[in-house]
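Coordinates as given in start-v2.cif (mmCIF, C-alpha atoms and all ligand atoms):
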data_my_file
loop_
_atom_site.label_atom_id
_atom_site.label_comp_id
_atom_site.auth_asym_id
_atom_site.auth_seq_id
_atom_site.Cartn_x
_atom_site.Cartn_y
_atom_site.Cartn_z
CA MET A 1 74.12 131.08 142.41
CA SER A 2 75.44 127.74 141.30
CA LEU A 3 77.05 127.46 137.94
CA ARG A 4 76.25 124.67 135.60
CA SER A 5 79.28 122.49 135.23
CA PHE A 6 81.05 122.32 131.94
CA SER A 7 82.20 118.98 130.78
CA THR A 8 83.09 118.58 127.17
CA SER A 9 85.32 120.99 125.44
CA THR A 10 85.22 120.13 121.78
CA ALA A 11 88.40 120.91 120.01
CA ALA A 12 86.52 121.60 116.82
CA LEU A 13 84.40 124.33 118.40
CA ALA A 14 87.18 125.86 120.44
CA ALA A 15 89.56 125.90 117.52
CA LYS A 16 87.23 127.89 115.34
CA LYS A 17 89.06 130.69 113.66
CA ALA A 18 89.33 134.08 115.28
CA SER A 19 86.35 136.37 114.77
CA THR A 20 86.09 137.29 111.11
CA MET A 21 83.08 139.50 111.66
CA THR A 22 82.92 141.78 108.68
CA LYS A 23 80.77 144.81 108.20
CA TYR A 24 77.54 144.28 106.36
CA PHE A 25 75.05 146.68 104.90
CA GLY A 26 71.97 147.15 107.04
CA ARG A 27 71.78 146.60 110.74
CA PRO A 28 71.35 143.53 112.94
CA SER A 29 68.55 143.78 115.41
CA ASN A 30 66.17 141.73 117.48
CA ASN A 31 63.46 143.93 116.06
CA LEU A 32 63.94 144.13 112.33
CA LEU A 33 62.15 146.71 110.23
CA LEU A 34 61.41 145.78 106.64
CA GLY A 35 59.82 147.76 103.82
CA LEU A 36 57.71 146.43 100.98
CA VAL A 37 58.25 148.25 97.68
CA GLY A 38 57.18 147.70 94.09
CA LEU A 39 55.17 149.25 91.28
CA ALA A 40 51.53 150.09 91.95
CA ASN A 41 49.00 147.24 91.83
CA VAL A 42 51.44 144.32 91.84
CA GLY A 43 50.09 142.60 94.96
CA LYS A 44 51.96 144.31 97.83
CA SER A 45 49.03 144.89 100.16
CA THR A 46 47.58 141.45 99.55
CA PHE A 47 50.97 139.96 100.43
CA PHE A 48 51.28 142.25 103.44
CA GLN A 49 47.98 140.96 104.78
CA ALA A 50 49.02 137.37 104.26
CA ILE A 51 52.44 137.73 105.85
CA THR A 52 51.20 139.73 108.82
CA LYS A 53 48.00 137.71 109.15
CA SER A 54 46.20 140.99 109.57
CA THR A 55 43.46 142.88 107.88
CA LEU A 56 45.54 146.06 107.81
CA GLY A 57 46.63 147.38 104.44
CA ASN A 58 44.38 148.04 101.54
CA PRO A 59 44.43 145.45 98.79
CA ALA A 60 42.33 146.38 95.78
CA ASN A 61 42.32 145.85 92.06
CA TYR A 62 43.35 149.37 91.13
CA PRO A 63 46.67 151.23 91.24
CA PHE A 64 47.49 153.44 94.23
CA ALA A 65 44.96 151.75 96.47
CA THR A 66 47.38 152.19 99.36
CA ILE A 67 47.82 155.77 100.48
CA GLU A 68 48.77 155.63 104.14
CA PRO A 69 51.69 153.38 105.02
CA GLU A 70 50.68 150.53 107.29
CA LYS A 71 53.01 148.71 109.56
CA SER A 72 52.52 145.41 111.29
CA LEU A 73 54.44 142.74 113.13
CA ILE A 74 55.08 139.60 111.16
CA VAL A 75 53.97 136.50 112.93
CA VAL A 76 56.61 133.98 111.95
CA GLU A 77 56.28 130.35 112.85
CA LEU A 78 59.41 129.49 114.83
CA PRO A 79 59.78 125.74 115.07
CA LYS A 80 63.13 125.99 116.87
CA LEU A 81 61.82 128.31 119.58
CA ASP A 82 58.71 126.15 120.07
CA HIS A 83 60.83 123.05 120.39
CA TYR A 84 63.25 124.65 122.85
CA ALA A 85 60.44 126.06 125.01
CA GLN A 86 59.03 122.57 125.28
CA LEU A 87 62.40 120.93 125.99
CA PHE A 88 63.36 123.40 128.70
CA GLY A 89 59.82 123.63 130.09
CA SER A 90 59.81 127.43 129.56
CA GLU A 91 56.72 129.32 130.64
CA LYS A 92 57.10 132.03 127.99
CA LYS A 93 58.38 132.21 124.42
CA LEU A 94 60.04 135.43 123.31
CA PRO A 95 60.80 135.53 119.58
CA SER A 96 62.73 138.30 117.85
CA THR A 97 60.27 140.34 115.85
CA LEU A 98 59.99 141.54 112.28
CA THR A 99 57.97 144.61 111.47
CA ILE A 100 56.97 145.23 107.89
CA TYR A 101 55.81 148.45 106.22
CA ASP A 102 53.38 148.38 103.32
CA ILE A 103 53.78 151.57 101.31
CA ALA A 104 52.20 153.16 98.29
CA GLY A 105 53.08 151.73 94.91
CA LEU A 106 55.86 153.39 92.96
CA THR A 107 55.75 154.67 89.42
CA ARG A 108 58.29 156.12 87.07
CA ASN A 109 59.33 159.50 88.53
CA ALA A 110 58.04 158.65 92.00
CA SER A 111 61.28 160.05 93.40
CA SER A 112 60.47 163.45 91.92
CA GLY A 113 56.95 163.52 93.27
CA GLU A 114 54.93 161.50 90.75
CA GLY A 115 52.25 159.25 92.32
CA MET A 116 52.31 158.68 96.05
CA GLY A 117 55.64 156.97 96.24
CA ASN A 118 57.96 159.89 96.98
CA LYS A 119 56.83 160.56 100.51
CA PHE A 120 56.93 156.87 101.31
CA LEU A 121 60.42 156.44 99.98
CA ALA A 122 61.33 158.81 102.80
CA ASP A 123 59.17 156.81 105.24
CA ILE A 124 61.07 153.60 104.61
CA ARG A 125 64.51 155.12 104.92
CA GLN A 126 64.94 153.65 108.38
CA VAL A 127 64.21 150.03 107.45
CA ASP A 128 66.86 147.32 107.65
CA GLY A 129 65.92 145.48 104.47
CA LEU A 130 63.55 145.68 101.53
CA PHE A 131 61.15 143.30 99.89
CA GLN A 132 60.57 144.23 96.28
CA MET A 133 57.36 142.77 94.89
CA VAL A 134 57.49 142.17 91.13
CA ARG A 135 54.54 141.12 89.01
CA GLY A 136 55.11 137.89 87.12
CA PHE A 137 51.48 136.82 86.59
CA ARG A 138 49.31 137.49 83.57
CA ASN A 139 45.72 138.54 84.20
CA ASP A 140 43.92 141.00 81.97
CA GLU A 141 41.56 141.92 84.80
CA ILE A 142 44.38 143.36 86.89
CA ILE A 143 45.66 146.68 85.59
CA HIS A 144 49.40 146.96 85.00
CA ILE A 145 50.48 150.58 85.19
CA GLU A 146 53.12 149.95 82.50
CA ASN A 147 50.44 148.20 80.40
CA ASP A 148 52.10 144.81 79.98
CA VAL A 149 53.76 142.20 82.20
CA ASN A 150 57.54 142.59 82.11
CA PRO A 151 59.27 141.96 85.45
CA VAL A 152 62.78 143.01 84.39
CA ARG A 153 61.56 146.37 83.13
CA ASP A 154 59.60 146.84 86.36
CA MET A 155 62.62 146.02 88.50
CA GLU A 156 64.59 148.60 86.56
CA VAL A 157 61.88 151.24 87.00
CA VAL A 158 61.74 150.66 90.77
CA ASN A 159 65.50 150.51 91.17
CA ASP A 160 65.91 153.71 89.17
CA GLU A 161 63.51 155.43 91.56
CA LEU A 162 65.46 154.19 94.56
CA ILE A 163 68.71 155.32 92.91
CA LEU A 164 67.29 158.80 92.22
CA LYS A 165 66.15 159.13 95.82
CA ASP A 166 69.60 158.08 97.05
CA LEU A 167 71.22 160.66 94.77
CA GLU A 168 69.25 163.34 96.63
CA TYR A 169 70.48 162.06 100.00
CA VAL A 170 74.09 161.79 98.85
CA GLU A 171 74.15 165.21 97.24
CA THR A 172 72.82 166.76 100.46
CA GLY A 173 75.43 164.78 102.39
CA LEU A 174 78.20 166.08 100.14
CA GLU A 175 77.05 169.67 100.60
CA LEU A 176 76.97 169.35 104.38
CA ALA A 177 80.35 167.64 104.50
CA THR A 178 81.91 170.31 102.26
CA LYS A 179 80.48 173.08 104.46
CA SER A 180 81.79 171.39 107.58
CA LEU A 181 85.34 171.80 106.25
CA LYS A 182 85.06 175.51 107.05
CA LYS A 183 84.31 174.89 110.71
CA PRO A 184 87.10 175.44 113.24
CA ASN A 185 88.61 172.27 114.76
CA VAL A 186 87.31 170.15 111.92
CA ASN A 187 88.87 166.71 111.64
CA ARG A 188 90.04 166.99 108.04
CA ALA A 189 90.94 163.34 107.64
CA VAL A 190 87.45 162.24 108.71
CA VAL A 191 85.71 164.71 106.41
CA ASP A 192 88.03 163.91 103.50
CA PHE A 193 87.22 160.24 103.90
CA GLU A 194 83.50 161.03 103.98
CA LEU A 195 83.79 163.17 100.85
CA ALA A 196 85.78 160.54 98.99
CA THR A 197 83.30 157.79 99.94
CA LEU A 198 80.26 159.88 99.07
CA ASN A 199 81.81 160.75 95.70
CA ARG A 200 82.33 157.07 94.99
CA VAL A 201 78.72 156.41 95.98
CA LEU A 202 77.63 159.22 93.68
CA ASP A 203 79.57 157.72 90.75
CA THR A 204 77.99 154.32 91.42
CA LEU A 205 74.51 155.80 91.44
CA TYR A 206 75.15 157.86 88.29
CA GLU A 207 76.17 154.64 86.56
CA GLY A 208 72.70 153.35 87.43
CA LYS A 209 74.03 150.83 89.92
CA LYS A 210 72.76 150.05 93.39
CA VAL A 211 75.24 150.86 96.15
CA ILE A 212 75.04 147.32 97.50
CA SER A 213 76.19 145.88 94.17
CA GLU A 214 79.68 147.42 94.54
CA THR A 215 82.53 146.26 96.74
CA TRP A 216 83.31 148.53 99.70
CA SER A 217 85.76 148.50 102.58
CA GLU A 218 84.51 148.01 106.14
CA GLU A 219 85.07 151.71 106.91
CA GLU A 220 83.13 152.72 103.81
CA ILE A 221 80.26 150.37 104.70
CA GLU A 222 80.09 151.85 108.18
CA LEU A 223 79.85 155.35 106.76
CA ILE A 224 77.32 154.36 104.07
CA ASN A 225 75.18 152.62 106.71
CA SER A 226 74.89 155.95 108.53
CA TYR A 227 73.24 157.45 105.42
CA ASN A 228 70.42 154.86 105.31
CA LEU A 229 70.55 154.66 101.53
CA LEU A 230 67.71 152.74 99.90
CA THR A 231 69.97 151.00 97.37
CA ALA A 232 72.32 149.88 100.13
CA LYS A 233 69.57 147.89 101.80
CA PRO A 234 69.69 144.12 101.42
CA THR A 235 66.76 143.21 99.19
CA VAL A 236 64.68 140.12 98.64
CA TYR A 237 62.83 140.21 95.31
CA LEU A 238 59.44 138.52 95.38
CA LEU A 239 58.31 137.34 91.97
CA ASN A 240 54.53 137.24 92.27
CA VAL A 241 53.26 134.45 90.03
CA SER A 242 50.03 132.55 89.45
CA GLU A 243 49.02 129.80 91.81
CA SER A 244 49.77 127.04 89.27
CA ASP A 245 53.20 128.49 88.40
CA TYR A 246 54.08 128.61 92.07
CA LEU A 247 52.96 125.05 92.73
CA GLN A 248 54.94 123.83 89.70
CA GLY A 249 57.96 125.94 90.64
CA GLN A 250 58.19 127.59 87.23
CA ASN A 251 57.45 130.89 85.56
CA GLU A 252 58.03 132.18 82.04
CA PHE A 253 60.01 135.18 83.36
CA LEU A 254 62.09 133.38 85.97
CA GLU A 255 65.20 132.90 83.83
CA GLN A 256 65.39 136.48 82.62
CA VAL A 257 64.84 137.80 86.16
CA GLN A 258 67.66 135.58 87.44
CA ALA A 259 69.95 136.66 84.61
CA TRP A 260 69.22 140.34 85.30
CA MET A 261 69.87 139.91 89.01
CA GLY A 262 73.13 138.10 88.27
CA GLN A 263 74.28 141.20 86.40
CA HIS A 264 72.85 143.92 88.61
CA CYS A 265 72.51 142.68 92.17
CA LYS A 266 73.99 139.24 92.58
CA ASP A 267 73.87 139.34 96.38
CA ASP A 268 70.16 140.05 96.52
CA LYS A 269 67.76 137.13 96.86
CA LEU A 270 64.84 136.00 94.75
CA VAL A 271 61.82 134.04 95.93
CA MET A 272 58.80 133.01 93.88
CA VAL A 273 55.53 133.59 95.65
CA SER A 274 51.90 133.47 94.64
CA VAL A 275 50.20 136.26 96.51
CA GLU A 276 46.87 134.92 95.28
CA LEU A 277 47.61 131.54 96.89
CA GLU A 278 49.04 133.10 100.09
CA SER A 279 45.86 135.06 100.53
CA LYS A 280 43.74 131.89 100.13
CA LEU A 281 45.94 129.94 102.53
CA GLN A 282 45.58 132.65 105.09
CA GLU A 283 41.81 132.58 104.81
CA LEU A 284 41.85 128.82 105.22
CA GLY A 285 44.11 129.19 108.24
CA ASP A 286 46.33 126.58 106.63
CA ALA A 287 49.37 128.62 105.79
CA GLU A 288 52.02 126.07 106.73
CA ARG A 289 51.79 123.59 103.91
CA ALA A 290 52.43 125.39 100.67
CA SER A 291 53.20 128.90 101.86
CA ALA A 292 56.34 130.66 100.64
CA ILE A 293 56.39 132.87 103.73
CA PRO A 294 58.87 130.84 105.85
CA THR A 295 61.27 130.79 102.87
CA ILE A 296 60.80 134.52 102.34
CA VAL A 297 61.62 135.29 105.97
CA ASP A 298 64.63 132.94 105.88
CA GLU A 299 65.95 134.56 102.70
CA MET A 300 65.65 138.00 104.27
CA ARG A 301 67.54 136.82 107.32
CA SER A 302 70.22 135.39 105.09
CA ALA A 303 70.36 138.59 102.97
CA LEU A 304 70.97 140.47 106.21
CA HIS A 305 73.53 137.85 107.35
CA LEU A 306 71.57 137.13 110.51
CA VAL A 307 71.70 134.12 112.79
CA SER A 308 69.70 133.42 115.92
CA PHE A 309 70.82 131.95 119.17
CA TYR A 310 68.61 131.11 122.13
CA THR A 311 68.63 131.38 125.90
CA CYS A 312 66.34 128.88 127.54
CA GLY A 313 65.21 128.29 131.10
CA PRO A 314 62.06 127.56 133.09
CA LYS A 315 60.86 131.18 132.86
CA GLU A 316 61.44 131.88 129.18
CA ALA A 317 62.85 130.62 125.93
CA ARG A 318 64.17 133.58 124.03
CA GLN A 319 65.46 134.15 120.52
CA TRP A 320 68.31 136.62 119.98
CA THR A 321 69.26 137.84 116.56
CA VAL A 322 72.84 138.73 115.67
CA ARG A 323 75.09 138.90 112.61
CA GLU A 324 76.92 135.92 111.20
CA GLY A 325 80.39 135.88 112.72
CA THR A 326 79.28 137.22 116.11
CA THR A 327 81.44 135.68 118.83
CA ALA A 328 80.06 134.20 122.05
CA PRO A 329 81.10 137.24 124.17
CA GLU A 330 79.58 139.62 121.60
CA GLY A 331 76.37 137.57 121.72
CA ALA A 332 76.47 137.72 125.52
CA GLY A 333 76.74 141.50 125.16
CA VAL A 334 73.44 141.55 123.25
CA ILE A 335 71.77 139.87 126.26
CA HIS A 336 73.40 142.32 128.66
CA THR A 337 76.42 144.60 128.22
CA ASP A 338 77.92 143.43 131.52
CA LEU A 339 77.89 139.85 130.34
CA GLN A 340 80.31 140.70 127.53
CA LYS A 341 82.75 142.38 129.90
CA THR A 342 82.70 139.57 132.44
CA PHE A 343 82.41 136.71 129.94
CA ILE A 344 84.46 133.63 130.82
CA SER A 345 83.04 130.96 128.57
CA ALA A 346 79.78 129.65 127.22
CA GLN A 347 78.04 126.34 127.25
CA VAL A 348 76.38 125.64 123.94
CA TYR A 349 73.94 123.05 122.72
CA LYS A 350 73.65 122.67 118.96
CA TRP A 351 70.29 122.47 117.19
CA GLN A 352 71.21 119.19 115.49
CA ASP A 353 71.86 117.62 118.90
CA LEU A 354 68.58 118.81 120.42
CA GLU A 355 66.35 118.44 117.38
CA ARG A 356 65.28 114.91 118.23
CA GLU A 357 65.39 115.23 122.04
CA LYS A 358 62.18 114.98 124.04
CA ALA A 359 61.12 116.86 127.18
CA PRO A 360 62.21 116.82 129.93
CA LEU A 361 65.70 117.45 128.66
CA ASN A 362 68.25 114.94 129.88
CA GLU A 363 71.20 117.28 130.37
CA ALA A 364 73.33 114.66 132.10
CA GLY A 365 72.83 112.33 129.16
CA LEU A 366 73.76 115.06 126.68
CA LYS A 367 76.83 115.88 128.73
CA ALA A 368 77.90 112.22 128.79
CA ALA A 369 77.39 112.04 125.04
CA GLY A 370 79.68 115.03 124.52
CA LYS A 371 76.87 117.27 123.31
CA GLN A 372 77.35 119.98 125.91
CA HIS A 373 80.02 122.13 124.33
CA ARG A 374 82.20 124.50 126.24
CA CYS A 375 83.10 127.44 124.03
CA GLY A 376 85.71 130.12 124.52
CA LYS A 377 85.87 133.78 123.58
CA LYS A 378 86.56 133.13 119.92
CA TYR A 379 83.62 130.84 119.30
CA GLU A 380 81.30 132.20 116.61
CA LEU A 381 77.62 131.67 117.29
CA GLU A 382 75.71 129.52 114.82
CA ASP A 383 72.05 129.55 113.98
CA GLY A 384 70.06 127.50 116.49
CA ASP A 385 72.67 127.53 119.30
CA VAL A 386 71.32 127.44 122.85
CA MET A 387 73.81 129.38 124.97
CA VAL A 388 74.43 129.60 128.70
CA VAL A 389 77.02 132.24 129.53
CA LYS A 390 79.46 131.70 132.34
CA ALA A 391 80.60 135.09 133.56
CA ALA A 392 82.84 136.40 136.35
CA GLY A 393 81.04 137.00 139.63
CA GLY A 394 79.10 133.77 139.28
CA ARG A 395 76.58 135.16 136.87
CA THR A 396 74.95 132.98 134.30
CA ARG A 397 72.25 133.53 131.79
N1 LIG B 1 49.43 136.25 91.94
C1 LIG B 1 48.32 136.94 91.64
N2 LIG B 1 47.46 136.47 90.73
C2 LIG B 1 46.33 137.15 90.45
N3 LIG B 1 45.97 138.32 91.01
C3 LIG B 1 46.79 138.84 91.92
C4 LIG B 1 48.00 138.19 92.30
N4 LIG B 1 48.63 138.94 93.22
C5 LIG B 1 47.84 140.03 93.43
N5 LIG B 1 46.72 139.98 92.66
C6 LIG B 1 45.65 140.99 92.59
O1 LIG B 1 46.22 142.22 92.21
C7 LIG B 1 45.44 143.31 92.71
C8 LIG B 1 46.34 144.36 93.34
O2 LIG B 1 46.79 143.90 94.59
P1 LIG B 1 47.21 144.88 95.79
O3 LIG B 1 46.18 145.88 96.10
O4 LIG B 1 47.69 143.96 96.86
O5 LIG B 1 48.45 145.63 95.09
P2 LIG B 1 49.39 146.79 95.67
O6 LIG B 1 50.72 146.48 95.08
O7 LIG B 1 49.26 146.90 97.13
O8 LIG B 1 48.80 148.06 94.95
P3 LIG B 1 48.96 149.64 95.37
O9 LIG B 1 50.31 150.00 94.93
O10 LIG B 1 47.89 150.24 94.57
O11 LIG B 1 48.73 149.79 96.83
C9 LIG B 1 44.45 142.68 93.68
O12 LIG B 1 43.20 142.60 93.02
C10 LIG B 1 45.01 141.30 93.92
O13 LIG B 1 44.00 140.36 94.25
MG MG B 2 48.78 148.50 98.30
#
Spell out the structure here as structure tokens.
Amino acid sequence: MSLRSFSTSTAALAAKKASTMTKYFGRPSNNLLLGLVGLANVGKSTFFQAITKSTLGNPANYPFATIEPEKSLIVVELPKLDHYAQLFGSEKKLPSTLTIYDIAGLTRNASSGEGMGNKFLADIRQVDGLFQMVRGFRNDEIIHIENDVNPVRDMEVVNDELILKDLEYVETGLELATKSLKKPNVNRAVVDFELATLNRVLDTLYEGKKVISETWSEEEIELINSYNLLTAKPTVYLLNVSESDYLQGQNEFLEQVQAWMGQHCKDDKLVMVSVELESKLQELGDAERASAIPTIVDEMRSALHLVSFYTCGPKEARQWTVREGTTAPEGAGVIHTDLQKTFISAQVYKWQDLEREKAPLNEAGLKAAGKQHRCGKKYELEDGDVMVVKAAGGRTR
């Protein structure tokens, strides 16, 4: 198999600092799982239908309309993938996927069995990130289970339920870890570390704080990730407002919600959305113009510290999702484990260099213009990169 030749080696790319990949909460994956939480009757199912372009879910103007959790793939418009498939003349497009779960609305005491929420808190334990839908619209026709519209109070109610559920998980974890100390051949140092970390998590939760709001070491994050705690999941808050508020980019509660988040969960994201409008746009089949959905998906990807790179050829254009800070060989390893081991270098095109190119792609021209970058083992992949891996044994991908 012939290798593509590598011409330009940009000092700037090659000199990028050594991998600084840090541990993040949640997991990177080409197939993300996301959960949708919030109080009952705040617009979750209506949003779920709009974002998944499906008729699954059960929107209705009464609390606890949703009983069975629904899951569906999100159809995300991917302008970069479309553009690349066209440029490279690819027959197929393979995007990374997002799957979202719509679950029953929560109430105060959901974690101890009130309402339907408790079972579903367990159902969404495996997700990578959470959307929390918060009601920010006034409408006397739509019942509010807490009787009045007050987003900050609602966020506290929901977070308290997530915290209480996590306390259960951590207390069980502590019991098991303590018991394991009695086993023969136990690795004391490992168990001691687990106990110390879990106790710190417990203190955080007892202070009413989400696990993700504290600072943790990489080792602690790795351990906490293995417990799938709900309050350690990166969260995007969706403030559901009226159509006119959304179009004007304002809402009477916005400032207080931002202030609360600054104090309680500064790394989480906030997006204003009008579920009412999204639902109309979906019916009109005209979701692109005013829809908040692309922003919502982008914010979730950024909350999870994800970037996408692409592999493109005549057969397929494919999106791969990895963490920020992933090096070229680590990215190659996501394509195929062997490719990481035998990695020599990568040829990378940047999105900004291909954005205005037209099919068929003039690779010789790009090469002459210094836009075909040769990247070494320390190169960190950036969102939009098109990568061709050069590996030992003449393999490319
Ligand atoms: N921005 C909005 N403005 C006005 N009405 C809205 C808005 N968002 C949602 N609604 C209405 O609120 C009601 C409840 O919506 P939905 O059933 O989607 O809530 P839910 O959170 O899934 O509830 P449950 O927890 O009971 O499953 C619906 O009648 C919906 O049309
Ligand atoms: Mg619902």
Checklist entry - Using only C-alpha atoms, which residues sit within 8 Å of region 231-242 of chain A once same-chain residues fewer than 2 positions away are excluded, as a ChimeraX atom specification? => result /A:25-26,42-43,128-138,159,162-163,166,210-212,224-225,228-229,244-246,251,268-277,296,299-300,303-304
Next on the checklist: So, with all atoms listed in the file as the atoms that count, which of A:Thr172, A:Thr337, A:Thr197, A:Ser279 lies closest to ligand LIG 1 (chain B)?
Outcome noted: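 Residue with the minimum atom-to-atom distance to ligand LIG 1 (chain B): A:Ser279.
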Would you pick out the contacts of Leu36 (chain A) at 12 Å or less, using only C-alpha atoms, so that residues sharing its chain but fewer than 3 positions from it are not included, and give the list as an mmCIF file with C-alpha atoms, in the coordinates of the input?
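Here's the written file around_37.cif:
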data_model
loop_
_atom_site.group_PDB
_atom_site.id
_atom_site.type_symbol
_atom_site.label_atom_id
_atom_site.label_comp_id
_atom_site.auth_asym_id
_atom_site.auth_seq_id
_atom_site.Cartn_x
_atom_site.Cartn_y
_atom_site.Cartn_z
ATOM 1 C CA LEU A 33 62.150 146.710 110.230
ATOM 2 C CA LEU A 39 55.170 149.250 91.280
ATOM 3 C CA ALA A 40 51.530 150.090 91.950
ATOM 4 C CA VAL A 42 51.440 144.320 91.840
ATOM 5 C CA GLY A 43 50.090 142.600 94.960
ATOM 6 C CA LYS A 44 51.960 144.310 97.830
ATOM 7 C CA SER A 45 49.030 144.890 100.160
ATOM 8 C CA THR A 46 47.580 141.450 99.550
ATOM 9 C CA PHE A 47 50.970 139.960 100.430
ATOM 10 C CA PHE A 48 51.280 142.250 103.440
ATOM 11 C CA GLN A 49 47.980 140.960 104.780
ATOM 12 C CA ILE A 51 52.440 137.730 105.850
ATOM 13 C CA GLY A 57 46.630 147.380 104.440
ATOM 14 C CA THR A 66 47.380 152.190 99.360
ATOM 15 C CA PRO A 69 51.690 153.380 105.020
ATOM 16 C CA GLU A 70 50.680 150.530 107.290
ATOM 17 C CA LYS A 71 53.010 148.710 109.560
ATOM 18 C CA SER A 72 52.520 145.410 111.290
ATOM 19 C CA THR A 99 57.970 144.610 111.470
ATOM 20 C CA ILE A 100 56.970 145.230 107.890
ATOM 21 C CA TYR A 101 55.810 148.450 106.220
ATOM 22 C CA ASP A 102 53.380 148.380 103.320
ATOM 23 C CA ILE A 103 53.780 151.570 101.310
ATOM 24 C CA ALA A 104 52.200 153.160 98.290
ATOM 25 C CA GLY A 105 53.080 151.730 94.910
ATOM 26 C CA LEU A 106 55.860 153.390 92.960
ATOM 27 C CA GLY A 117 55.640 156.970 96.240
ATOM 28 C CA PHE A 120 56.930 156.870 101.310
ATOM 29 C CA LEU A 121 60.420 156.440 99.980
ATOM 30 C CA ASP A 123 59.170 156.810 105.240
ATOM 31 C CA ILE A 124 61.070 153.600 104.610
ATOM 32 C CA ARG A 125 64.510 155.120 104.920
ATOM 33 C CA VAL A 127 64.210 150.030 107.450
ATOM 34 C CA ASP A 128 66.860 147.320 107.650
ATOM 35 C CA GLY A 129 65.920 145.480 104.470
ATOM 36 C CA LEU A 130 63.550 145.680 101.530
ATOM 37 C CA PHE A 131 61.150 143.300 99.890
ATOM 38 C CA GLN A 132 60.570 144.230 96.280
ATOM 39 C CA MET A 133 57.360 142.770 94.890
ATOM 40 C CA VAL A 134 57.490 142.170 91.130
ATOM 41 C CA VAL A 158 61.740 150.660 90.770
ATOM 42 C CA LEU A 230 67.710 152.740 99.900
ATOM 43 C CA LYS A 233 69.570 147.890 101.800
ATOM 44 C CA THR A 235 66.760 143.210 99.190
ATOM 45 C CA VAL A 236 64.680 140.120 98.640
ATOM 46 C CA TYR A 237 62.830 140.210 95.310
ATOM 47 C CA LEU A 238 59.440 138.520 95.380
#
Checklist entry - At what distance in Å, to one decimal, does CA of Val37 (chain A) lie from CA of Lys165 (chain A)? => result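 For CA of Lys165 (chain A) relative to CA of Val37 (chain A), the distance reads 13.6 Å.
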Next on the checklist: Around (74.9, 149.7, 90.4), as given in the file, which residues come within 10 Å? Count all atoms listed in the file and list them as a ChimeraX atom specification.
Outcome noted: /A:159-160,163,201,203-214,231,263-265
Next on the checklist: Just want the 9 Å neighbourhood of region 84-86 of chain A, counted on all atoms listed in the file, with same-chain residues fewer than 2 positions away dropped. Output as a list in words.
Outcome noted: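 Once the adjacent positions are removed, what remains is Pro79, Lys80, Leu81, Asp82, Phe88, Gly89, Ser90, Glu91, Lys92, Lys93, Tyr310, Cys312, Gly313, Pro314, Glu316, Ala317, Arg318, Leu354, Glu355, Lys358, Ala359, Pro360 and Val386 of chain A.
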Checklist entry - What gap, in Å, lies between atom O1 of ligand LIG 1 (chain B) and CA of Ile143 (chain A)? => result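 Separation between atom O1 of ligand LIG 1 (chain B) and CA of Ile143 (chain A): 8.0 Å.
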Checklist entry - Which neighbours of Val190 (chain A) fall inside 12 Å, counting all atoms listed in the file, when residues of the same chain fewer than 2 positions from it are skipped, and could you give them as a list in words? => result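 After dropping sequence-adjacent residues, the list is Ala177, Thr178, Ser180, Leu181, Asn185, Val186, Asn187, Arg188, Asp192, Phe193, Glu194, Leu195, Ala196, Thr197, Glu219, Glu220 and Leu223 of chain A.
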Item to check | Among the residues A:Lys280, A:Lys119, A:Lys341, A:Lys23, the one that comes closest to ligand LIG 1 (chain B) [using only C-alpha atoms and all ligand atoms] | outcome: A:Lys280
Next on the checklist: Please determine, counting all atoms listed in the file, which residue among A:Glu283, A:Glu278, A:Glu222, A:Glu171 has the shortest atom-to-atom distance to ligand LIG 1 (chain B).
Outcome noted: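 The answer is A:Glu278, which sits nearest to ligand LIG 1 (chain B).
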Checklist entry - So how far away is CA of Leu176 (chain A) from CA of Glu161 (chain A), in Å? => result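 Taking CA of Glu161 (chain A) and CA of Leu176 (chain A), their separation equals 23.2 Å.
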